[in-house]
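Chemist: Sharing a structure with you now.
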Amino acid sequence: MTKQSVNRATYDQVMLPIYSPADFIPVKGQGSRVWDQQGNSYIDFAGGIAVLALGHAHPALNQAIKEQSEKLWHVSNVFTNEPALELAQKLIDNTFAERVFFANSGAEANEAAFKLARHYAITRHSPYKTKIIAFHNAFHGRTFFTVSVGGQAKYADGFGPKPADIIHVPFNDLNAVKAVIDSHTCAVVLEPIQGEGGITAATPEFMRGLRELCDENQALLVLDEVQTGMGRTGKLFAYMNYDVTPDIITTAKALGSGFPLSAMLTTADIASVMGVGTHGTTYGGNPLACAVGNVAFDLINTKEVLEGVQQRYQWIVDELMAINQRYGVFSQIRGQGLLIGAELAPQYANQARDILTLAIKQGLMMLNAGTNVLRFTPSLIITQEELAEGMKALDKAIAEFVHLSSI
Ligand SMILES: *Cc1c(COP(=O)(O)O)cnc(C)c1O
């Protein structure tokens, strides 16, 4: 039996009030199924916000953490360790990259990427080459630099003076970038698919155009693949869906598949501007996290899993279209792989949270992306049975939502 001396009411008594978690407390997970304190079960279409690429309690990940936990948890970066070197080698062997920096979260990987882009431009070119071009609705994390590069004022405002020389333009608008990019630009930063901002993919022309503009202006193309990386789109990284090679990418969420772990990847040339002491972290690249990361990497980076993502995408989109036939709640279904967004039709605008609450009653955990989009980011290996059960619950939740809206 689980300890029930704490419950949802405890939350408001002890936690910083920055989240508004659901009314139930999950205590156990297996695959894409989760149980709460009362023993109710849920299908998990949220995957811990695109983190649990291999579902809950994957036996191989459990084994990895058990084995490594009995050997070595942490040594700090005063010493290196085998799991970190092995994982870095795998990332290099399977991407454009030649150098890796490990951290613990998406924001930290992005913080490193933005500092690197600035430092590269300043040391190689000029102390005035510091402009970062980023996009409206972008999300890059919650440290002060990353939230400033992010394109949502509601997250960045209210904390005093921000890091300067960051400019935001509309996403997928190449002319808007052309109008502001110049020799003082050090980097263009984007998510290949904007996640938190509403599941909007960069068009191929936009991505190629950015690469050209960066080359013409000696600026770096930085891709935030914190959410899109590690198989989420059906390729190991989303940039591989485009005919473009970036200069820096970051990845996190699925990299540790539930254990905090992130990475920034770049070329040897760009990495060479950093010296001992230029940047660092205490926990980043610790052996426990990297031992999990190694096993997760080997499981995700297979033809079977990556092709399975594509099949699951098709199945989910077909089901969402069928739901839409019945209820007419969506105006658009978009995304790639297992990063899918269903935008609500105008008459249901901004009610995504209400649907999530009704879904919980039907035994389904899901996410929104902004106030107007339902987001689907399940495990990359969610089973057909779990998918079908989850969709049935979603159908019921939407039936109730439509009914409640009509009265
Ligand atoms: C989740 C996310 C982040 C932030 O990651 P944290 O681990 O919460 O710091 C940054 N960028 C993107 C695209 C994300 O989806």
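Chain labels A, B, ... are given in the sequence in which chains occur in the structure tokens; within each chain residues are numbered consecutively from 1, and ligands are likewise numbered from 1 in the order shown.
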Enumerate as number ranges by chain all residues of region 105-354 of chain A assigned to alpha helix (DSSP H) by DSSP on the backbone, naming them with the chain letters and numbers the document uses.
Modeler: A: 106-124, 144-149, 153-156, 174-180, 204-216, 268-271, 287-300, 303-327, 352-354
Chemist: Find the residues around Ser105 (chain A) up to 10 Å (only C-alpha atoms counted), leave out those fewer than 6 positions away in its own chain, and share them as a list in words.
Modeler: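 Residues meeting the cut-off are Glu111, Gly141, Val226, Thr251, Ala252, Lys253, Gly256, Phe259, Pro260, Leu261, Ser262, Ala263 and Gly284 of chain A.
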Chemist: Selected residues, all heavy atoms, written as an mmCIF file, in the first residue's frame, please.
Modeler:
```
data_model
loop_
_atom_site.group_PDB
_atom_site.id
_atom_site.type_symbol
_atom_site.label_atom_id
_atom_site.label_comp_id
_atom_site.auth_asym_id
_atom_site.auth_seq_id
_atom_site.Cartn_x
_atom_site.Cartn_y
_atom_site.Cartn_z
ATOM 1 N N GLU A 111 21.181 27.017 -22.275
ATOM 2 C CA GLU A 111 22.031 28.062 -21.691
ATOM 3 C C GLU A 111 23.463 27.891 -22.210
ATOM 4 O O GLU A 111 24.107 28.866 -22.619
ATOM 5 C CB GLU A 111 21.989 27.942 -20.159
ATOM 6 C CG GLU A 111 22.744 29.000 -19.387
ATOM 7 C CD GLU A 111 21.958 30.307 -19.191
ATOM 8 O OE1 GLU A 111 20.734 30.303 -19.340
ATOM 9 O OE2 GLU A 111 22.612 31.325 -18.919
ATOM 10 N N GLY A 141 13.242 27.176 -22.194
ATOM 11 C CA GLY A 141 13.572 26.869 -20.809
ATOM 12 C C GLY A 141 13.324 28.067 -19.914
ATOM 13 O O GLY A 141 12.845 29.110 -20.365
ATOM 14 N N VAL A 226 15.344 19.841 -27.661
ATOM 15 C CA VAL A 226 15.056 19.300 -26.334
ATOM 16 C C VAL A 226 13.816 18.402 -26.392
ATOM 17 O O VAL A 226 13.786 17.328 -25.791
ATOM 18 C CB VAL A 226 14.873 20.449 -25.319
ATOM 19 C CG1 VAL A 226 14.254 19.949 -24.021
ATOM 20 C CG2 VAL A 226 16.224 21.104 -25.037
ATOM 21 N N THR A 251 19.590 18.679 -26.707
ATOM 22 C CA THR A 251 18.578 17.647 -26.532
ATOM 23 C C THR A 251 18.483 17.325 -25.048
ATOM 24 O O THR A 251 19.436 17.531 -24.301
ATOM 25 C CB THR A 251 18.882 16.413 -27.400
ATOM 26 O OG1 THR A 251 17.784 15.512 -27.338
ATOM 27 C CG2 THR A 251 20.146 15.704 -26.942
ATOM 28 N N ALA A 252 17.309 16.883 -24.629
ATOM 29 C CA ALA A 252 17.142 16.580 -23.202
ATOM 30 C C ALA A 252 16.041 15.536 -23.031
ATOM 31 O O ALA A 252 16.312 14.342 -23.065
ATOM 32 C CB ALA A 252 16.837 17.835 -22.410
ATOM 33 N N LYS A 253 14.824 16.009 -22.923
ATOM 34 C CA LYS A 253 13.683 15.183 -22.509
ATOM 35 C C LYS A 253 13.862 13.665 -22.662
ATOM 36 O O LYS A 253 13.987 12.967 -21.666
ATOM 37 C CB LYS A 253 12.428 15.675 -23.213
ATOM 38 C CG LYS A 253 12.053 17.093 -22.717
ATOM 39 C CD LYS A 253 10.705 17.545 -23.170
ATOM 40 C CE LYS A 253 10.216 18.735 -22.375
ATOM 41 N NZ LYS A 253 10.538 20.054 -22.911
ATOM 42 N N GLY A 256 17.376 11.004 -21.382
ATOM 43 C CA GLY A 256 17.445 10.156 -20.190
ATOM 44 C C GLY A 256 16.170 9.356 -19.994
ATOM 45 O O GLY A 256 16.059 8.600 -19.031
ATOM 46 N N PHE A 259 15.185 10.007 -16.581
ATOM 47 C CA PHE A 259 16.256 10.407 -15.661
ATOM 48 C C PHE A 259 16.800 11.750 -16.158
ATOM 49 O O PHE A 259 17.035 11.896 -17.344
ATOM 50 C CB PHE A 259 17.374 9.354 -15.638
ATOM 51 C CG PHE A 259 18.221 9.442 -14.404
ATOM 52 C CD1 PHE A 259 17.962 8.638 -13.307
ATOM 53 C CD2 PHE A 259 19.261 10.363 -14.326
ATOM 54 C CE1 PHE A 259 18.726 8.746 -12.154
ATOM 55 C CE2 PHE A 259 20.026 10.476 -13.175
ATOM 56 C CZ PHE A 259 19.760 9.659 -12.083
ATOM 57 N N PRO A 260 16.961 12.750 -15.286
ATOM 58 C CA PRO A 260 17.403 14.069 -15.750
ATOM 59 C C PRO A 260 18.765 14.003 -16.446
ATOM 60 O O PRO A 260 19.762 13.583 -15.844
ATOM 61 C CB PRO A 260 17.495 14.892 -14.458
ATOM 62 C CG PRO A 260 16.598 14.190 -13.496
ATOM 63 C CD PRO A 260 16.697 12.731 -13.844
ATOM 64 N N LEU A 261 18.769 14.385 -17.718
ATOM 65 C CA LEU A 261 19.990 14.345 -18.525
ATOM 66 C C LEU A 261 19.767 15.177 -19.779
ATOM 67 O O LEU A 261 18.716 15.057 -20.414
ATOM 68 C CB LEU A 261 20.298 12.888 -18.919
ATOM 69 C CG LEU A 261 21.453 12.652 -19.899
ATOM 70 C CD1 LEU A 261 22.789 13.130 -19.315
ATOM 71 C CD2 LEU A 261 21.561 11.166 -20.259
ATOM 72 N N SER A 262 20.725 16.017 -20.108
ATOM 73 C CA SER A 262 20.627 16.785 -21.350
ATOM 74 C C SER A 262 21.994 16.886 -21.986
ATOM 75 O O SER A 262 23.011 16.574 -21.353
ATOM 76 C CB SER A 262 20.067 18.182 -21.079
ATOM 77 O OG SER A 262 20.976 18.950 -20.319
ATOM 78 N N ALA A 263 22.003 17.318 -23.242
ATOM 79 C CA ALA A 263 23.278 17.441 -23.944
ATOM 80 C C ALA A 263 23.226 18.582 -24.941
ATOM 81 O O ALA A 263 22.172 18.887 -25.491
ATOM 82 C CB ALA A 263 23.617 16.138 -24.665
ATOM 83 N N GLY A 284 26.341 17.528 -14.325
ATOM 84 C CA GLY A 284 26.193 17.206 -15.745
ATOM 85 C C GLY A 284 27.093 16.066 -16.179
ATOM 86 O O GLY A 284 28.290 16.099 -15.941
#
```
Chemist: Which residues of chain A come within 9 Å of ligand 1, and for each one, what is the closest pair of atoms and their distance in Å to one decimal, counting only C-alpha atoms and all ligand atoms, sorted by chain and residue number, as CSV?
Modeler:
```
residue,atom,partner,partner_atom_place_in_ligand_line,distance
A:Ile49,CA,ligand 1,1 (C),7.5
A:Ala50,CA,ligand 1,15 (O),8.0
A:Val51,CA,ligand 1,1 (C),8.7
A:Asn104,CA,ligand 1,7 (O),7.3
A:Ser105,CA,ligand 1,7 (O),3.7
A:Gly106,CA,ligand 1,5 (O),3.3
A:Ala107,CA,ligand 1,9 (O),3.6
A:Glu108,CA,ligand 1,9 (O),6.3
A:Ala109,CA,ligand 1,9 (O),7.9
A:Asn110,CA,ligand 1,10 (C),7.0
A:Ala138,CA,ligand 1,13 (C),7.6
A:Phe139,CA,ligand 1,11 (N),5.3
A:His140,CA,ligand 1,11 (N),3.6
A:Gly141,CA,ligand 1,4 (C),3.8
A:Arg142,CA,ligand 1,9 (O),6.4
A:Thr143,CA,ligand 1,9 (O),7.9
A:Thr146,CA,ligand 1,10 (C),8.0
A:Gly150,CA,ligand 1,11 (N),8.7
A:Leu190,CA,ligand 1,13 (C),8.4
A:Glu191,CA,ligand 1,13 (C),5.8
A:Pro192,CA,ligand 1,13 (C),8.7
A:Ile193,CA,ligand 1,13 (C),8.1
A:Gln194,CA,ligand 1,13 (C),6.7
A:Gly195,CA,ligand 1,15 (O),5.6
A:Glu196,CA,ligand 1,15 (O),6.3
A:Leu223,CA,ligand 1,13 (C),8.9
A:Asp224,CA,ligand 1,13 (C),5.5
A:Glu225,CA,ligand 1,13 (C),6.0
A:Val226,CA,ligand 1,12 (C),4.7
A:Gln227,CA,ligand 1,15 (O),4.2
A:Thr228,CA,ligand 1,13 (C),7.3
A:Thr250,CA,ligand 1,11 (N),8.4
A:Thr251,CA,ligand 1,11 (N),8.2
A:Ala252,CA,ligand 1,7 (O),6.4
A:Lys253,CA,ligand 1,7 (O),6.4
A:Pro260,CA,ligand 1,7 (O),7.7
A:Leu261,CA,ligand 1,7 (O),8.3
A:Ser262,CA,ligand 1,7 (O),7.7
```
Chemist: If we count only C-alpha atoms and set the cut-off at 12 Å, which residues sit around Pro161 (chain A), ignoring sequence neighbours fewer than 5 positions away in its own chain? Please answer as an MDAnalysis selection string.
Modeler: chainID A and resid 144:145 148 156
Chemist: Select, from A:Arg232, A:Arg353, A:Arg326, A:Arg99, the residue with the minimum atom-to-atom distance to Ser379 (chain A), counting only C-alpha atoms.
Modeler: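 Ranked by minimum distance to Ser379 (chain A), first place goes to A:Arg232.
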Chemist: Would you mind writing down, as a list of chain:residue names, each residue of region 53-128 of chain A that DSSP on the backbone assigns to strand (DSSP E)?
Modeler: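 Of region 53-128 of chain A, the ones in strand (DSSP E) are A:Arg99, A:Val100, A:Phe101, A:Phe102, A:Ala103.
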Chemist: Skipping near chain neighbours, those fewer than 3 positions away, what residues fall within 9 Å of Asn7 (chain A) using only C-alpha atoms, listed as a ChimeraX atom specification?
Modeler: /A:4,10-11,23-25,37
Chemist: Those same residues - N, CA, C and O atoms - I'd like them written as a JSON list (two decimals), in the first residue's frame.
Modeler:
```
[["chain", "number", "residue", "atom", "x", "y", "z"],
["A", 4, "GLN", "N", -0.44, 7.40, 2.32],
["A", 4, "GLN", "CA", -1.43, 8.42, 1.95],
["A", 4, "GLN", "C", -1.52, 9.54, 2.96],
["A", 4, "GLN", "O", -2.53, 10.22, 3.06],
["A", 10, "THR", "N", -2.14, 18.74, 0.29],
["A", 10, "THR", "CA", -0.82, 19.03, 0.86],
["A", 10, "THR", "C", -0.03, 19.97, -0.06],
["A", 10, "THR", "O", 0.73, 20.83, 0.42],
["A", 11, "TYR", "N", -0.23, 19.77, -1.34],
["A", 11, "TYR", "CA", 0.53, 20.54, -2.34],
["A", 11, "TYR", "C", 0.47, 22.04, -2.06],
["A", 11, "TYR", "O", 1.49, 22.73, -2.03],
["A", 23, "ASP", "N", -5.76, 16.69, -9.87],
["A", 23, "ASP", "CA", -6.28, 16.38, -8.53],
["A", 23, "ASP", "C", -5.79, 15.05, -7.97],
["A", 23, "ASP", "O", -5.90, 14.81, -6.77],
["A", 24, "PHE", "N", -5.30, 14.17, -8.83],
["A", 24, "PHE", "CA", -4.83, 12.87, -8.32],
["A", 24, "PHE", "C", -3.30, 12.84, -8.27],
["A", 24, "PHE", "O", -2.64, 13.63, -8.95],
["A", 25, "ILE", "N", -2.77, 11.93, -7.47],
["A", 25, "ILE", "CA", -1.31, 11.79, -7.37],
["A", 25, "ILE", "C", -0.90, 10.42, -7.92],
["A", 25, "ILE", "O", -1.26, 9.39, -7.35],
["A", 37, "GLN", "N", -3.02, 7.10, -6.18],
["A", 37, "GLN", "CA", -3.06, 6.67, -4.78],
["A", 37, "GLN", "C", -4.25, 5.78, -4.47],
["A", 37, "GLN", "O", -4.18, 4.92, -3.61]]
```
Chemist: Find the residue from A:Pro378, A:Gly48, A:Gly209, A:Pro287 that sits nearest to Thr80 (chain A); use only C-alpha atoms when measuring.
Modeler: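 Closest to Thr80 (chain A) of all the choices is A:Pro287.
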Chemist: Could you jot down the CA of Ser331 (chain A) to CA of Asp318 (chain A) separation for me, Å, one decimal place?
Modeler: 14.7 Å
Chemist: When you look at Met230 (chain A) with a cut-off of 8 Å (counting only C-alpha atoms), what residues show up, excluding the ones that are within fewer than 2 positions of it in the same chain? I need them as a PyMOL selection string.
Modeler: chain A and resi 228+232+235-237+251+254-255+297+300-301
Chemist: By how many Å are CA of Lys361 (chain A) and CA of Ala345 (chain A) apart?
Modeler: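 Straight-line distance from CA of Lys361 (chain A) to CA of Ala345 (chain A) works out to 22.6 Å.
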Chemist: Which residue is closest to Glu307 (chain A)? Choose from A:Ile398, A:Ile323, A:Leu338, A:Ala289 and count only C-alpha atoms.
Modeler: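 The answer is A:Leu338, which sits nearest to Glu307 (chain A).
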Chemist: Using only C-alpha atoms, determine which residues lie at most 9 Å from Ile360 (chain A), disregarding the query and same-chain residues fewer than 2 positions distant; provide the list as a PyMOL selection string.
Modeler: chain A and resi 22+24+42+355-358+362-366+393+397
Chemist: Take the residues from that selection and write them out as a tab-separated table (two decimals), in the first residue's frame, keeping C-alpha atoms.
Modeler:
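This is the output file result29.tsv:
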```tsv
chain	number	residue	atom	x	y	z
A	22	ALA	CA	-4.13	17.48	-11.46
A	24	PHE	CA	-4.83	12.87	-8.32
A	42	TYR	CA	-4.83	5.97	-16.52
A	355	ILE	CA	-10.69	18.80	-22.11
A	356	LEU	CA	-7.65	17.61	-20.14
A	357	THR	CA	-9.69	17.72	-16.93
A	358	LEU	CA	-12.51	15.71	-18.52
A	362	GLN	CA	-12.10	8.98	-18.25
A	363	GLY	CA	-8.69	7.61	-17.22
A	364	LEU	CA	-6.46	9.50	-19.66
A	365	MET	CA	-3.45	11.72	-18.95
A	366	MET	CA	-2.83	14.27	-21.69
A	393	ALA	CA	-11.26	7.67	-23.24
A	397	ALA	CA	-14.09	13.13	-22.77
```
Chemist: Contacts of Ala153 (chain A) at 12 Å or less, counting only C-alpha atoms, minus same-chain residues fewer than 6 places along, as a ChimeraX atom specification?
Modeler: /A:135-139,147,159,162,168
Chemist: Between A:Gly341, A:Gly280, A:Gly285, A:Gly160, which one has atoms that come closest to Leu85 (chain A), using only C-alpha atoms?
Modeler: A:Gly285
Chemist: Nearest residue to Ile199 (chain A) out of A:Val34, A:Ala53, A:Ile340, A:Leu213, using only C-alpha atoms?
Modeler: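 Under the stated criterion, the closest residue is A:Ile340.
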Chemist: Between A:Leu299, A:Ile65, A:Thr200, A:Asp395, which is the closest to Gln325 (chain A) once you count only C-alpha atoms?
Modeler: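 The shortest atom-to-atom distance to Gln325 (chain A) comes from A:Asp395.
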